[in-house]
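Colleague: Structure below; questions to follow.
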Amino acid sequence: RCLSDWSSDVCSSDLAANGHSGGGTLNQVLKTGTNEIHGSLWEQNQPNTLTANDFFNNAKGVARPVTHFNQYGVTAGAPVFIPKVFDGRNKLFVFFAYEAIKDGQPNPTFTTVPTAAERTGDFSNVLAADGSSAQLYDPYSGTLSGTTVSRTPYANNKIPSSQLNPVALSYLQFYPQSNITAVRPDGYQNFGSSATTNDDYNNQLGRVDYNMSDKSRMYFNIRRSGYSQVKNNYFGNQAEGSVLYRNNWGGTIDEVYTINSSNVIDLRANFTRMAEVHAAPSQGFDPTSLGLPSYLATNSTYLQMPIIAFSSNSNFQGLSATGASNLPSGSVQLFGTYMKIKGNHILKIGGDLRQYRLNTFTAGNSTGTMSFSGNSWVRSTSAASSTVVLGQDFASFMLGLPYSASYDLNTSGSWYSYYGSGFIQDDWRVKSNLTINLGVRFDHDGP
């Protein structure tokens, strides 16, 4: 792990100086300002007009997604110079860097949405395609014989309009119409989405270097990065998709003091904070607008659209834009080393102190989730096969009869941990082609 080239004959491994890591250690060297003004400017662009459609989209006649990739940035460094007031050459320098990436990458998806007929309770197409296994039965016609409930079938698989649930009808506004020819006559996979995963990233770095004297050199930097992502919004509305935000702030101050040609002290303080938020596209949604009871909104810790889910083997697309959470975290570090060069030994002694903090809040099903993954309401008897075929779970939804439901009332959590370590290292250059790294480190975690 040398920062020098292969021709160099001096290399310090810092094996004991680096700890609290489950894997490797990365050394990062940042540019600084110099006595002259220097800078750079760049851009890499992949326009949508030069991108081909996805193979499967193209085969099914789904429009080409709007994809792109654009990366650009600028750097600038210079001495601090104020005419007739201050000349910072050889003493005080500034450096700035900015970079951004904006991209949209294809995420084609094929799924099943209700047909125009099914939106009115007419499932005759499923019955004609799949036969008796897709027959729907009237849940309100149940009669009890012993422990078995028996029901009568809906004529031609059509649910009377008087039985259609108003909440379910309100949900239908978030379902698009089918846009491709279904894979099967019963309507399986009749919708193709050309939605993209969109990323927006930007990064800023500001750095000041100050040569206070021939023996003392200090630098200070402030850094920030911002990231947002929108993906899986197959229907192009607030009922689908996920939103992610990550914003990082940090700062470091470091001083290297050269006592003499063989003794050096390095002291550093660092602070980093990351604010990570997973937001629901329907954040702030009022469940009462769908006709659901007001207590769902009154008691919610995070307002969003209540989730509806269907059986995986029916391929009906649920409305499940969820996963909202807030996960801020931060760390503070104090690090110091004393290095002494003596003969063919490089001795390093130091310590590392850190504090970590993490706060979490996960909304979960904060306005409720309703699953229609079973067909127990619309099968012939309570003892009939529980295998769900296409249309049965959506029919239960149109009737307003969930298979199961839950409601989360989540609270927040907070964790902190202190970490301390001390180390001593000896890089012993036995011969010109042999260096032995000897060291010992003590680590203590106090979560």
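FYI, nothing fancy with the structure tokens labels: chains A, B, ... in order, residues from 1 per chain, ligands from 1 as they appear.
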At a cut-off of 10 Å, using only C-alpha atoms, what residues contact region 182-185 of chain A? Leave out same-chain residues fewer than 6 positions from it and give the result as a list in words.
Modeller: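 Here the answer would be Lys60, Phe110, Thr111, Thr112, Asn125, Val126, Ala128, Ala129, Asp130, Phe191 and Gly192 of chain A.
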Colleague: Per residue of region 105-142 of chain A within 10 Å of region 392-410 of chain A, which atom pair is closest and at what distance in Å (one decimal), using only C-alpha atoms, listed by chain and increasing number, as a Markdown table?
Modeller:
```
| residue | atom | partner | partner_atom | distance |
| --- | --- | --- | --- | --- |
| A:Val113 | CA | A:Phe394 | CA | 9.6 |
| A:Pro114 | CA | A:Phe394 | CA | 8.0 |
| A:Glu118 | CA | A:Ala395 | CA | 8.2 |
| A:Arg119 | CA | A:Met398 | CA | 8.0 |
| A:Thr120 | CA | A:Met398 | CA | 8.7 |
| A:Gly121 | CA | A:Met398 | CA | 7.0 |
| A:Asp122 | CA | A:Ala395 | CA | 9.1 |
| A:Phe123 | CA | A:Ala395 | CA | 8.0 |
| A:Val126 | CA | A:Gln392 | CA | 9.4 |
| A:Ser133 | CA | A:Gln392 | CA | 9.7 |
| A:Ala134 | CA | A:Gln392 | CA | 7.0 |
| A:Gln135 | CA | A:Gln392 | CA | 8.2 |
| A:Leu136 | CA | A:Gln392 | CA | 6.8 |
| A:Tyr137 | CA | A:Gln392 | CA | 9.5 |
| A:Asp138 | CA | A:Leu399 | CA | 9.7 |
| A:Pro139 | CA | A:Leu399 | CA | 9.0 |
```
Colleague: Would you mind writing down, as a compact mmCIF listing (two decimals) with N, CA and C atoms, in the first residue's frame, each residue of region 115-300 of chain A that DSSP on the backbone assigns to alpha helix (DSSP H)?
Modeller:
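Generated file (result_6.txt):
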```
# COMPACT_ATOMS: atom_id res chain seq x y z
N SER A 124 -65.72 -12.48 -17.03
CA SER A 124 -66.11 -13.55 -17.95
C SER A 124 -64.94 -13.96 -18.85
N ASN A 125 -64.04 -13.02 -19.16
CA ASN A 125 -62.89 -13.37 -20.02
C ASN A 125 -61.98 -14.39 -19.33
N VAL A 126 -61.83 -14.28 -18.02
CA VAL A 126 -60.99 -15.21 -17.28
C VAL A 126 -61.66 -16.58 -17.24
N LEU A 127 -62.97 -16.60 -17.05
CA LEU A 127 -63.70 -17.87 -17.01
C LEU A 127 -63.62 -18.59 -18.35
N ALA A 128 -63.76 -17.82 -19.46
CA ALA A 128 -63.71 -18.41 -20.79
C ALA A 128 -62.32 -18.96 -21.10
N ALA A 129 -61.28 -18.30 -20.59
CA ALA A 129 -59.91 -18.71 -20.89
C ALA A 129 -59.42 -19.84 -20.01
N ASP A 130 -59.78 -19.80 -18.72
CA ASP A 130 -59.20 -20.74 -17.76
C ASP A 130 -60.18 -21.81 -17.27
N PRO A 166 -66.92 0.72 -2.94
CA PRO A 166 -66.56 2.09 -3.37
C PRO A 166 -65.08 2.42 -3.14
N VAL A 167 -64.46 1.84 -2.12
CA VAL A 167 -63.03 2.09 -1.90
C VAL A 167 -62.22 1.48 -3.04
N ALA A 168 -62.57 0.26 -3.44
CA ALA A 168 -61.88 -0.38 -4.56
C ALA A 168 -62.05 0.43 -5.84
N LEU A 169 -63.26 0.93 -6.07
CA LEU A 169 -63.49 1.74 -7.27
C LEU A 169 -62.66 3.02 -7.24
N SER A 170 -62.42 3.57 -6.05
CA SER A 170 -61.57 4.76 -5.94
C SER A 170 -60.12 4.44 -6.26
N TYR A 171 -59.67 3.26 -5.87
CA TYR A 171 -58.30 2.85 -6.16
C TYR A 171 -58.05 2.69 -7.66
N TYR A 295 -59.82 7.21 11.04
CA TYR A 295 -58.84 6.86 12.07
C TYR A 295 -57.52 6.37 11.46
N LEU A 296 -57.56 5.89 10.20
CA LEU A 296 -56.31 5.48 9.55
C LEU A 296 -55.37 6.67 9.40
N ALA A 297 -55.92 7.83 9.08
CA ALA A 297 -55.10 9.03 8.95
C ALA A 297 -54.80 9.65 10.31
N THR A 298 -55.78 9.66 11.20
CA THR A 298 -55.62 10.30 12.51
C THR A 298 -54.49 9.66 13.30
```
Colleague: Show which residues sit within 10 Å of region 284-286 of chain A, as a PDB file with all heavy atoms, in the first residue's frame. Count only C-alpha atoms, and ignore same-chain residues fewer than 2 positions away.
Modeller:
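Result file around_19.pdb:
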```pdb
ATOM      1  N   GLN A 238     -48.373   8.524  -8.026  1.00  0.00           N
ATOM      2  CA  GLN A 238     -47.896   8.412  -6.651  1.00  0.00           C
ATOM      3  C   GLN A 238     -48.158   7.054  -6.011  1.00  0.00           C
ATOM      4  O   GLN A 238     -47.680   6.783  -4.902  1.00  0.00           O
ATOM      5  CB  GLN A 238     -48.550   9.496  -5.801  1.00  0.00           C
ATOM      6  CG  GLN A 238     -50.065   9.413  -5.740  1.00  0.00           C
ATOM      7  CD  GLN A 238     -50.666  10.541  -4.933  1.00  0.00           C
ATOM      8  OE1 GLN A 238     -50.065  11.042  -3.989  1.00  0.00           O
ATOM      9  NE2 GLN A 238     -51.864  10.974  -5.314  1.00  0.00           N
ATOM     10  N   ALA A 239     -48.890   6.170  -6.684  1.00  0.00           N
ATOM     11  CA  ALA A 239     -49.208   4.865  -6.103  1.00  0.00           C
ATOM     12  C   ALA A 239     -48.076   3.858  -6.279  1.00  0.00           C
ATOM     13  O   ALA A 239     -48.108   2.796  -5.668  1.00  0.00           O
ATOM     14  CB  ALA A 239     -50.490   4.315  -6.733  1.00  0.00           C
ATOM     15  N   ALA A 280     -41.955   7.873   0.512  1.00  0.00           N
ATOM     16  CA  ALA A 280     -43.009   7.297  -0.321  1.00  0.00           C
ATOM     17  C   ALA A 280     -43.488   8.360  -1.305  1.00  0.00           C
ATOM     18  O   ALA A 280     -43.682   9.523  -0.921  1.00  0.00           O
ATOM     19  CB  ALA A 280     -44.169   6.824   0.545  1.00  0.00           C
ATOM     20  N   PRO A 281     -43.663   8.019  -2.578  1.00  0.00           N
ATOM     21  CA  PRO A 281     -44.169   9.004  -3.533  1.00  0.00           C
ATOM     22  C   PRO A 281     -45.510   9.602  -3.121  1.00  0.00           C
ATOM     23  O   PRO A 281     -45.839  10.723  -3.508  1.00  0.00           O
ATOM     24  CB  PRO A 281     -44.300   8.198  -4.836  1.00  0.00           C
ATOM     25  CG  PRO A 281     -43.325   7.082  -4.688  1.00  0.00           C
ATOM     26  CD  PRO A 281     -43.349   6.736  -3.225  1.00  0.00           C
ATOM     27  N   SER A 282     -46.275   8.860  -2.317  1.00  0.00           N
ATOM     28  CA  SER A 282     -47.587   9.343  -1.892  1.00  0.00           C
ATOM     29  C   SER A 282     -47.534  10.032  -0.530  1.00  0.00           C
ATOM     30  O   SER A 282     -48.569  10.140   0.149  1.00  0.00           O
ATOM     31  CB  SER A 282     -48.587   8.179  -1.830  1.00  0.00           C
ATOM     32  OG  SER A 282     -48.168   7.211  -0.871  1.00  0.00           O
ATOM     33  N   THR A 288     -58.672   9.016   3.696  1.00  0.00           N
ATOM     34  CA  THR A 288     -60.114   9.269   3.632  1.00  0.00           C
ATOM     35  C   THR A 288     -60.561   9.673   2.230  1.00  0.00           C
ATOM     36  O   THR A 288     -61.741   9.556   1.900  1.00  0.00           O
ATOM     37  CB  THR A 288     -60.522  10.356   4.638  1.00  0.00           C
ATOM     38  OG1 THR A 288     -59.825  11.568   4.325  1.00  0.00           O
ATOM     39  CG2 THR A 288     -60.185   9.936   6.053  1.00  0.00           C
ATOM     40  N   SER A 289     -59.616  10.137   1.380  1.00  0.00           N
ATOM     41  CA  SER A 289     -59.987  10.511   0.013  1.00  0.00           C
ATOM     42  C   SER A 289     -60.367   9.295  -0.814  1.00  0.00           C
ATOM     43  O   SER A 289     -60.991   9.429  -1.875  1.00  0.00           O
ATOM     44  CB  SER A 289     -58.832  11.268  -0.658  1.00  0.00           C
ATOM     45  OG  SER A 289     -57.693  10.416  -0.814  1.00  0.00           O
ATOM     46  N   LEU A 290     -60.007   8.105  -0.323  1.00  0.00           N
ATOM     47  CA  LEU A 290     -60.400   6.864  -0.989  1.00  0.00           C
ATOM     48  C   LEU A 290     -61.685   6.291  -0.413  1.00  0.00           C
ATOM     49  O   LEU A 290     -62.193   5.277  -0.920  1.00  0.00           O
ATOM     50  CB  LEU A 290     -59.287   5.818  -0.858  1.00  0.00           C
ATOM     51  CG  LEU A 290     -57.962   6.117  -1.549  1.00  0.00           C
ATOM     52  CD1 LEU A 290     -56.901   5.114  -1.115  1.00  0.00           C
ATOM     53  CD2 LEU A 290     -58.125   6.097  -3.067  1.00  0.00           C
ATOM     54  N   GLY A 291     -62.186   6.906   0.650  1.00  0.00           N
ATOM     55  CA  GLY A 291     -63.365   6.395   1.324  1.00  0.00           C
ATOM     56  C   GLY A 291     -63.046   5.534   2.529  1.00  0.00           C
ATOM     57  O   GLY A 291     -63.954   4.945   3.127  1.00  0.00           O
ATOM     58  N   LEU A 292     -61.782   5.437   2.910  1.00  0.00           N
ATOM     59  CA  LEU A 292     -61.395   4.661   4.082  1.00  0.00           C
ATOM     60  C   LEU A 292     -61.681   5.451   5.353  1.00  0.00           C
ATOM     61  O   LEU A 292     -61.772   6.689   5.323  1.00  0.00           O
ATOM     62  CB  LEU A 292     -59.906   4.300   3.998  1.00  0.00           C
ATOM     63  CG  LEU A 292     -59.566   3.256   2.925  1.00  0.00           C
ATOM     64  CD1 LEU A 292     -58.077   3.240   2.632  1.00  0.00           C
ATOM     65  CD2 LEU A 292     -60.037   1.867   3.367  1.00  0.00           C
ATOM     66  N   SER A 294     -61.519   7.539   8.856  1.00  0.00           N
ATOM     67  CA  SER A 294     -60.636   8.644   9.218  1.00  0.00           C
ATOM     68  C   SER A 294     -59.568   8.255  10.229  1.00  0.00           C
ATOM     69  O   SER A 294     -58.510   8.881  10.291  1.00  0.00           O
ATOM     70  CB  SER A 294     -61.458   9.815   9.763  1.00  0.00           C
ATOM     71  OG  SER A 294     -62.178   9.418  10.923  1.00  0.00           O
ATOM     72  N   LEU A 296     -57.559   5.893  10.204  1.00  0.00           N
ATOM     73  CA  LEU A 296     -56.311   5.483   9.548  1.00  0.00           C
ATOM     74  C   LEU A 296     -55.374   6.672   9.401  1.00  0.00           C
ATOM     75  O   LEU A 296     -54.156   6.543   9.565  1.00  0.00           O
ATOM     76  CB  LEU A 296     -56.599   4.873   8.175  1.00  0.00           C
ATOM     77  CG  LEU A 296     -57.316   3.529   8.156  1.00  0.00           C
ATOM     78  CD1 LEU A 296     -57.575   3.086   6.721  1.00  0.00           C
ATOM     79  CD2 LEU A 296     -56.505   2.477   8.896  1.00  0.00           C
ATOM     80  N   ALA A 297     -55.922   7.830   9.082  1.00  0.00           N
ATOM     81  CA  ALA A 297     -55.101   9.028   8.949  1.00  0.00           C
ATOM     82  C   ALA A 297     -54.798   9.654  10.307  1.00  0.00           C
ATOM     83  O   ALA A 297     -53.683  10.112  10.558  1.00  0.00           O
ATOM     84  CB  ALA A 297     -55.809  10.049   8.053  1.00  0.00           C
ATOM     85  N   THR A 298     -55.784   9.655  11.195  1.00  0.00           N
ATOM     86  CA  THR A 298     -55.616  10.301  12.508  1.00  0.00           C
ATOM     87  C   THR A 298     -54.493   9.662  13.302  1.00  0.00           C
ATOM     88  O   THR A 298     -53.711  10.359  13.972  1.00  0.00           O
ATOM     89  CB  THR A 298     -56.926  10.222  13.298  1.00  0.00           C
ATOM     90  OG1 THR A 298     -57.979  10.828  12.541  1.00  0.00           O
ATOM     91  CG2 THR A 298     -56.793  10.930  14.636  1.00  0.00           C
ATOM     92  N   TYR A 302     -47.040   8.412   9.624  1.00  0.00           N
ATOM     93  CA  TYR A 302     -46.516   8.880   8.338  1.00  0.00           C
ATOM     94  C   TYR A 302     -47.610   8.676   7.299  1.00  0.00           C
ATOM     95  O   TYR A 302     -47.924   7.551   6.927  1.00  0.00           O
ATOM     96  CB  TYR A 302     -45.261   8.080   7.966  1.00  0.00           C
ATOM     97  CG  TYR A 302     -44.594   8.505   6.669  1.00  0.00           C
ATOM     98  CD1 TYR A 302     -43.552   9.432   6.674  1.00  0.00           C
ATOM     99  CD2 TYR A 302     -44.982   7.959   5.446  1.00  0.00           C
ATOM    100  CE1 TYR A 302     -42.916   9.805   5.491  1.00  0.00           C
ATOM    101  CE2 TYR A 302     -44.364   8.327   4.272  1.00  0.00           C
ATOM    102  CZ  TYR A 302     -43.330   9.247   4.295  1.00  0.00           C
ATOM    103  OH  TYR A 302     -42.704   9.625   3.124  1.00  0.00           O
ATOM    104  N   LEU A 303     -48.218   9.767   6.846  1.00  0.00           N
ATOM    105  CA  LEU A 303     -49.316   9.664   5.896  1.00  0.00           C
ATOM    106  C   LEU A 303     -48.813   9.226   4.528  1.00  0.00           C
ATOM    107  O   LEU A 303     -47.882   9.798   3.970  1.00  0.00           O
ATOM    108  CB  LEU A 303     -50.039  11.005   5.779  1.00  0.00           C
ATOM    109  CG  LEU A 303     -51.026  11.356   6.902  1.00  0.00           C
ATOM    110  CD1 LEU A 303     -51.584  12.752   6.694  1.00  0.00           C
ATOM    111  CD2 LEU A 303     -52.155  10.330   6.973  1.00  0.00           C
ATOM    112  N   GLN A 304     -49.442   8.189   3.997  1.00  0.00           N
ATOM    113  CA  GLN A 304     -49.147   7.705   2.656  1.00  0.00           C
ATOM    114  C   GLN A 304     -50.353   6.910   2.170  1.00  0.00           C
ATOM    115  O   GLN A 304     -51.290   6.646   2.931  1.00  0.00           O
ATOM    116  CB  GLN A 304     -47.899   6.828   2.655  1.00  0.00           C
ATOM    117  CG  GLN A 304     -48.008   5.589   3.544  1.00  0.00           C
ATOM    118  CD  GLN A 304     -46.724   4.783   3.588  1.00  0.00           C
ATOM    119  OE1 GLN A 304     -45.784   5.031   2.859  1.00  0.00           O
ATOM    120  NE2 GLN A 304     -46.680   3.791   4.459  1.00  0.00           N
ATOM    121  N   MET A 305     -50.325   6.517   0.913  1.00  0.00           N
ATOM    122  CA  MET A 305     -51.433   5.728   0.387  1.00  0.00           C
ATOM    123  C   MET A 305     -51.411   4.329   0.995  1.00  0.00           C
ATOM    124  O   MET A 305     -50.362   3.667   0.997  1.00  0.00           O
ATOM    125  CB  MET A 305     -51.331   5.619  -1.142  1.00  0.00           C
ATOM    126  CG  MET A 305     -52.504   4.863  -1.761  1.00  0.00           C
ATOM    127  SD  MET A 305     -52.349   4.683  -3.563  1.00  0.00           S
ATOM    128  CE  MET A 305     -52.467   6.409  -4.049  1.00  0.00           C
ATOM    129  N   PRO A 306     -52.536   3.861   1.552  1.00  0.00           N
ATOM    130  CA  PRO A 306     -52.582   2.480   2.064  1.00  0.00           C
ATOM    131  C   PRO A 306     -52.238   1.483   0.967  1.00  0.00           C
ATOM    132  O   PRO A 306     -52.635   1.627  -0.183  1.00  0.00           O
ATOM    133  CB  PRO A 306     -54.030   2.329   2.536  1.00  0.00           C
ATOM    134  CG  PRO A 306     -54.474   3.733   2.834  1.00  0.00           C
ATOM    135  CD  PRO A 306     -53.785   4.590   1.815  1.00  0.00           C
ATOM    136  N   THR A 367     -50.324   3.603   7.194  1.00  0.00           N
ATOM    137  CA  THR A 367     -51.757   3.830   6.998  1.00  0.00           C
ATOM    138  C   THR A 367     -52.464   2.518   6.659  1.00  0.00           C
ATOM    139  O   THR A 367     -53.599   2.521   6.179  1.00  0.00           O
ATOM    140  CB  THR A 367     -52.012   4.863   5.883  1.00  0.00           C
ATOM    141  OG1 THR A 367     -51.250   4.492   4.720  1.00  0.00           O
ATOM    142  CG2 THR A 367     -51.605   6.268   6.322  1.00  0.00           C
TER     143      THR A 367
END
```
Colleague: Show which residues sit within 8 Å of Val208 (chain A), as a ChimeraX atom specification. Count only C-alpha atoms, and ignore same-chain residues fewer than 3 positions away.
Modeller: /A:32-33,92-95,219-221
Colleague: Hey, which of A:Ser261, A:Tyr188, A:Asn203, A:Ser194 ends up closest to Gly236 (chain A)? Count only C-alpha atoms.
Modeller: A:Ser194
Colleague: Excluding Asn198 (chain A) and residues on its chain fewer than 5 positions from it, collect all residues at most 7 Å away from it, counting only C-alpha atoms, and give them as a count of residues only.
Modeller: 6
Colleague: Just list the residues in region 146-385 of chain A DSSP gives strand (DSSP E or B) on the backbone, as a ChimeraX atom specification.
Modeller: /A:148-150,153,158,191-193,196-211,216-231,242-260,263-279,307-310,316,319,325-326,329-342,345-362,369-372,381
Colleague: Measure the distance from CA of Asn344 (chain A) to CA of Leu438 (chain A) in Å and round it to one decimal.
Modeller: 13.2 Å
